[in-house]
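Participant: Once you've had a glance at the structure underneath, I'll fire off some questions.
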Amino acid sequence: MGILDDQPALLALVIFLARIADVSIGTLRTILLVRGYRYTAALLGFFEVIIWLVAAGQVLRHLDRWYLAVAYAGGFAMGNIVGSWLDARLAIGLELLRAVSPDPDTRVGTILQEEGHDVTTIPGRDQRGRPVEVLLVVERRRRVPGLIERIHELDPEAVCTV
């Protein structure tokens, strides 16, 4: 990294980008680990630590250059944003969507089942004792927004939680 020592702005940029990369990888690694992808998470962790060591090493090597610490911290902050954006884009795993339809006559659960969704329907009652349809749907994360939209098409009064 000798060439970067003579280019302080370039060194700061490299540190900033390295921190974005390692924090983004760390965010994805944590999500994958929680979702059971331990080997993929381990592989990502390997690269995360290498990138972190290089970036941190440069900051520690040049403690007299305050702007490198700022680039390091800024990369960390931006890495959190990029990591969460990547998670939303990849949408790995499954979610449990719960929906309550205040009008059981709309047959939201039956229609969703006919459309191929795996729906569990539970008859229920609201706080006033009126019948409601409670739906439990396990769906891939990337398909949840479309499913919520479809439920609201069928019953605009339905309440959905994920």
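By order in the structure tokens, chains are A, B, ...; within a chain, residues start at 1; ligands start at 1, following the order shown.
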For Gly83 (chain A), find every residue with an atom within 9 Å (counting only C-alpha atoms), except residues of its own chain fewer than 3 positions away, and show them as number ranges by chain.

Facilitator: A: 20-21, 23-28, 78-80, 86-88

Participant: With N, CA and C atoms retained, export the selected residues as a compact mmCIF listing (two decimals), in the first residue's frame.

Facilitator:
```
# COMPACT_ATOMS: atom_id res chain seq x y z
N ILE A 20 -17.22 0.08 3.96
CA ILE A 20 -18.56 -0.19 3.41
C ILE A 20 -18.65 -1.68 3.07
N ALA A 21 -17.62 -2.20 2.45
CA ALA A 21 -17.63 -3.61 2.04
C ALA A 21 -17.68 -4.53 3.25
N VAL A 23 -18.54 -4.01 6.44
CA VAL A 23 -19.75 -3.90 7.26
C VAL A 23 -20.96 -4.47 6.51
N SER A 24 -21.03 -4.24 5.22
CA SER A 24 -22.12 -4.82 4.42
C SER A 24 -22.04 -6.34 4.45
N ILE A 25 -20.85 -6.87 4.27
CA ILE A 25 -20.65 -8.32 4.34
C ILE A 25 -21.03 -8.83 5.73
N GLY A 26 -20.66 -8.09 6.76
CA GLY A 26 -20.99 -8.49 8.13
C GLY A 26 -22.49 -8.51 8.38
N THR A 27 -23.19 -7.54 7.81
CA THR A 27 -24.65 -7.52 7.95
C THR A 27 -25.26 -8.75 7.29
N LEU A 28 -24.83 -9.04 6.08
CA LEU A 28 -25.34 -10.21 5.37
C LEU A 28 -24.94 -11.51 6.08
N MET A 78 -21.99 4.07 6.49
CA MET A 78 -22.55 3.78 5.17
C MET A 78 -22.68 2.28 4.94
N GLY A 79 -21.79 1.48 5.51
CA GLY A 79 -21.86 0.03 5.38
C GLY A 79 -23.13 -0.54 6.00
N ASN A 80 -23.59 0.06 7.08
CA ASN A 80 -24.86 -0.37 7.68
C ASN A 80 -26.02 -0.13 6.73
N LEU A 86 -28.91 -4.27 0.83
CA LEU A 86 -28.64 -5.57 0.20
C LEU A 86 -29.56 -6.65 0.75
N ASP A 87 -29.76 -6.64 2.06
CA ASP A 87 -30.66 -7.62 2.67
C ASP A 87 -32.06 -7.50 2.10
N ALA A 88 -32.55 -6.29 1.96
CA ALA A 88 -33.90 -6.09 1.41
C ALA A 88 -33.95 -6.54 -0.04
```

Participant: Can you pull out the residues contacting region 146-157 of chain A? Cut-off 8 Å, using only C-alpha atoms, and skip same-chain residues under 2 positions away; I want them as a ChimeraX atom specification.

Facilitator: /A:101-103,106,108,143-144,159-160

Participant: So that I can see what lies close to region 114-127 of chain A, please list as number ranges by chain the residues with an atom at most 9 Å from it, counting only C-alpha atoms and leaving out residues fewer than 2 positions away in the same chain.

Facilitator: A: 100, 102, 104, 109-112, 129-139

Participant: I'd like the contact shell of Trp52 (chain A) - 8 Å cut-off, only C-alpha atoms, skipping same-chain residues fewer than 2 positions apart - returned as a list in words.

Facilitator: Ala18, Arg19, Asp22, Glu48, Val49, Ile50, Val54, Ala55 and Ala56 of chain A

Participant: Taking 5 positions as the minimum chain separation for residues in the same chain, which residues sit within 8 Å of Ala91 (chain A) when counting only C-alpha atoms? Answer as a list of chain:residue names.

Facilitator: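 The residues that qualify are A:Arg140, A:Arg141, A:Arg142.
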
Participant: Can you pull out every residue within 10 Å of Ala69 (chain A), counting only C-alpha atoms, but drop anything in the same chain fewer than 4 positions away, and send it as a list of chain:residue names?

Facilitator: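 The residues satisfying every condition are A:Ala12, A:Ile15, A:Phe16, A:Ala56, A:Gln58, A:Val59, A:Leu60, A:His62, A:Leu63, A:Asp64, A:Arg65, A:Ala73, A:Gly74, A:Gly75.
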
Participant: Write out, as an mmCIF file, in the first residue's frame, the residues just selected, with all heavy atoms.

Facilitator:
```cif
data_model
loop_
_atom_site.group_PDB
_atom_site.id
_atom_site.type_symbol
_atom_site.label_atom_id
_atom_site.label_comp_id
_atom_site.auth_asym_id
_atom_site.auth_seq_id
_atom_site.Cartn_x
_atom_site.Cartn_y
_atom_site.Cartn_z
ATOM 1 N N ALA A 12 -7.818 7.561 1.975
ATOM 2 C CA ALA A 12 -9.068 7.764 2.712
ATOM 3 C C ALA A 12 -10.238 7.121 1.972
ATOM 4 O O ALA A 12 -11.104 6.475 2.583
ATOM 5 C CB ALA A 12 -9.320 9.256 2.930
ATOM 6 N N ILE A 15 -10.076 3.303 2.343
ATOM 7 C CA ILE A 15 -10.524 2.918 3.694
ATOM 8 C C ILE A 15 -12.040 3.022 3.795
ATOM 9 O O ILE A 15 -12.708 2.120 4.317
ATOM 10 C CB ILE A 15 -9.817 3.769 4.767
ATOM 11 C CG1 ILE A 15 -8.350 3.382 4.849
ATOM 12 C CG2 ILE A 15 -10.502 3.624 6.129
ATOM 13 C CD1 ILE A 15 -7.492 4.309 5.683
ATOM 14 N N PHE A 16 -12.599 4.109 3.293
ATOM 15 C CA PHE A 16 -14.054 4.311 3.308
ATOM 16 C C PHE A 16 -14.757 3.165 2.574
ATOM 17 O O PHE A 16 -15.697 2.555 3.092
ATOM 18 C CB PHE A 16 -14.375 5.662 2.655
ATOM 19 C CG PHE A 16 -15.839 5.980 2.579
ATOM 20 C CD1 PHE A 16 -16.536 6.395 3.703
ATOM 21 C CD2 PHE A 16 -16.523 5.884 1.377
ATOM 22 C CE1 PHE A 16 -17.890 6.697 3.636
ATOM 23 C CE2 PHE A 16 -17.870 6.180 1.287
ATOM 24 C CZ PHE A 16 -18.558 6.597 2.429
ATOM 25 N N ALA A 56 -8.455 -1.321 9.020
ATOM 26 C CA ALA A 56 -8.075 -0.902 10.375
ATOM 27 C C ALA A 56 -6.566 -0.727 10.488
ATOM 28 O O ALA A 56 -6.084 0.203 11.142
ATOM 29 C CB ALA A 56 -8.578 -1.921 11.396
ATOM 30 N N GLN A 58 -4.499 0.264 8.218
ATOM 31 C CA GLN A 58 -4.084 1.539 7.619
ATOM 32 C C GLN A 58 -4.370 2.717 8.554
ATOM 33 O O GLN A 58 -3.560 3.631 8.663
ATOM 34 C CB GLN A 58 -4.782 1.747 6.277
ATOM 35 C CG GLN A 58 -4.271 0.839 5.180
ATOM 36 C CD GLN A 58 -2.769 1.015 4.976
ATOM 37 O OE1 GLN A 58 -2.280 2.117 4.793
ATOM 38 N NE2 GLN A 58 -2.041 -0.096 5.015
ATOM 39 N N VAL A 59 -5.527 2.670 9.207
ATOM 40 C CA VAL A 59 -5.861 3.761 10.144
ATOM 41 C C VAL A 59 -4.890 3.740 11.319
ATOM 42 O O VAL A 59 -4.359 4.788 11.719
ATOM 43 C CB VAL A 59 -7.327 3.649 10.625
ATOM 44 C CG1 VAL A 59 -7.613 4.669 11.712
ATOM 45 C CG2 VAL A 59 -8.285 3.831 9.458
ATOM 46 N N LEU A 60 -4.635 2.574 11.871
ATOM 47 C CA LEU A 60 -3.730 2.472 13.025
ATOM 48 C C LEU A 60 -2.286 2.812 12.643
ATOM 49 O O LEU A 60 -1.539 3.349 13.460
ATOM 50 C CB LEU A 60 -3.806 1.072 13.626
ATOM 51 C CG LEU A 60 -5.147 0.725 14.282
ATOM 52 C CD1 LEU A 60 -5.180 -0.739 14.700
ATOM 53 C CD2 LEU A 60 -5.432 1.644 15.461
ATOM 54 N N HIS A 62 -1.456 5.058 10.549
ATOM 55 C CA HIS A 62 -1.370 6.501 10.306
ATOM 56 C C HIS A 62 -2.261 7.261 11.289
ATOM 57 O O HIS A 62 -3.123 8.035 10.888
ATOM 58 C CB HIS A 62 -1.825 6.816 8.872
ATOM 59 C CG HIS A 62 -1.030 6.130 7.814
ATOM 60 N ND1 HIS A 62 0.268 6.463 7.518
ATOM 61 C CD2 HIS A 62 -1.350 5.109 6.973
ATOM 62 C CE1 HIS A 62 0.709 5.695 6.534
ATOM 63 N NE2 HIS A 62 -0.256 4.864 6.193
ATOM 64 N N LEU A 63 -2.030 7.059 12.562
ATOM 65 C CA LEU A 63 -2.867 7.724 13.569
ATOM 66 C C LEU A 63 -2.736 9.247 13.543
ATOM 67 O O LEU A 63 -3.593 9.947 14.072
ATOM 68 C CB LEU A 63 -2.531 7.192 14.966
ATOM 69 C CG LEU A 63 -3.050 5.796 15.271
ATOM 70 C CD1 LEU A 63 -2.551 5.325 16.633
ATOM 71 C CD2 LEU A 63 -4.567 5.747 15.205
ATOM 72 N N ASP A 64 -1.696 9.739 12.914
ATOM 73 C CA ASP A 64 -1.511 11.187 12.809
ATOM 74 C C ASP A 64 -2.403 11.806 11.734
ATOM 75 O O ASP A 64 -2.495 13.027 11.615
ATOM 76 C CB ASP A 64 -0.039 11.509 12.517
ATOM 77 C CG ASP A 64 0.462 10.832 11.243
ATOM 78 O OD1 ASP A 64 0.020 9.694 10.972
ATOM 79 O OD2 ASP A 64 1.275 11.444 10.535
ATOM 80 N N ARG A 65 -3.098 10.987 10.960
ATOM 81 C CA ARG A 65 -3.971 11.481 9.886
ATOM 82 C C ARG A 65 -5.433 11.305 10.311
ATOM 83 O O ARG A 65 -6.054 10.279 10.058
ATOM 84 C CB ARG A 65 -3.700 10.734 8.580
ATOM 85 C CG ARG A 65 -2.263 10.906 8.097
ATOM 86 C CD ARG A 65 -2.060 10.164 6.800
ATOM 87 N NE ARG A 65 -0.655 10.201 6.394
ATOM 88 C CZ ARG A 65 -0.208 9.633 5.298
ATOM 89 N NH1 ARG A 65 -1.022 8.974 4.491
ATOM 90 N NH2 ARG A 65 1.075 9.705 4.987
ATOM 91 N N ALA A 73 -14.852 5.687 10.039
ATOM 92 C CA ALA A 73 -16.160 5.790 10.701
ATOM 93 C C ALA A 73 -17.277 6.011 9.682
ATOM 94 O O ALA A 73 -18.367 5.434 9.800
ATOM 95 C CB ALA A 73 -16.136 6.924 11.728
ATOM 96 N N GLY A 74 -17.014 6.836 8.691
ATOM 97 C CA GLY A 74 -18.017 7.075 7.649
ATOM 98 C C GLY A 74 -18.322 5.828 6.851
ATOM 99 O O GLY A 74 -19.477 5.553 6.506
ATOM 100 N N GLY A 75 -17.308 5.039 6.571
ATOM 101 C CA GLY A 75 -17.506 3.772 5.873
ATOM 102 C C GLY A 75 -18.319 2.800 6.698
ATOM 103 O O GLY A 75 -19.162 2.069 6.173
#
```

Participant: Please identify the strand (DSSP E or B) residues within chain A (assignment by DSSP from backbone atoms) and present them as a list in words.

Facilitator: Leu94, Glu95, Leu96, Leu97, Arg98, Ala99, Val100, Ser101, Val119, Thr120, Thr121, Ile122, Pro123, Gly124, Arg125, Pro131, Val132, Glu133, Val134, Leu135, Leu136, Val137, Val138, Glu139, Arg140, Val159, Cys160 and Thr161 of chain A

Participant: Could you tell me how far CA of Leu10 (chain A) lies from CA of Tyr72 (chain A), in Å and to one decimal?

Facilitator: 13.0 Å

Participant: Quick one: distance from CA of Ala158 (chain A) to CA of Leu90 (chain A) in Å, one decimal?

Facilitator: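 Spanning CA of Ala158 (chain A) to CA of Leu90 (chain A) is a straight-line distance of 27.3 Å.
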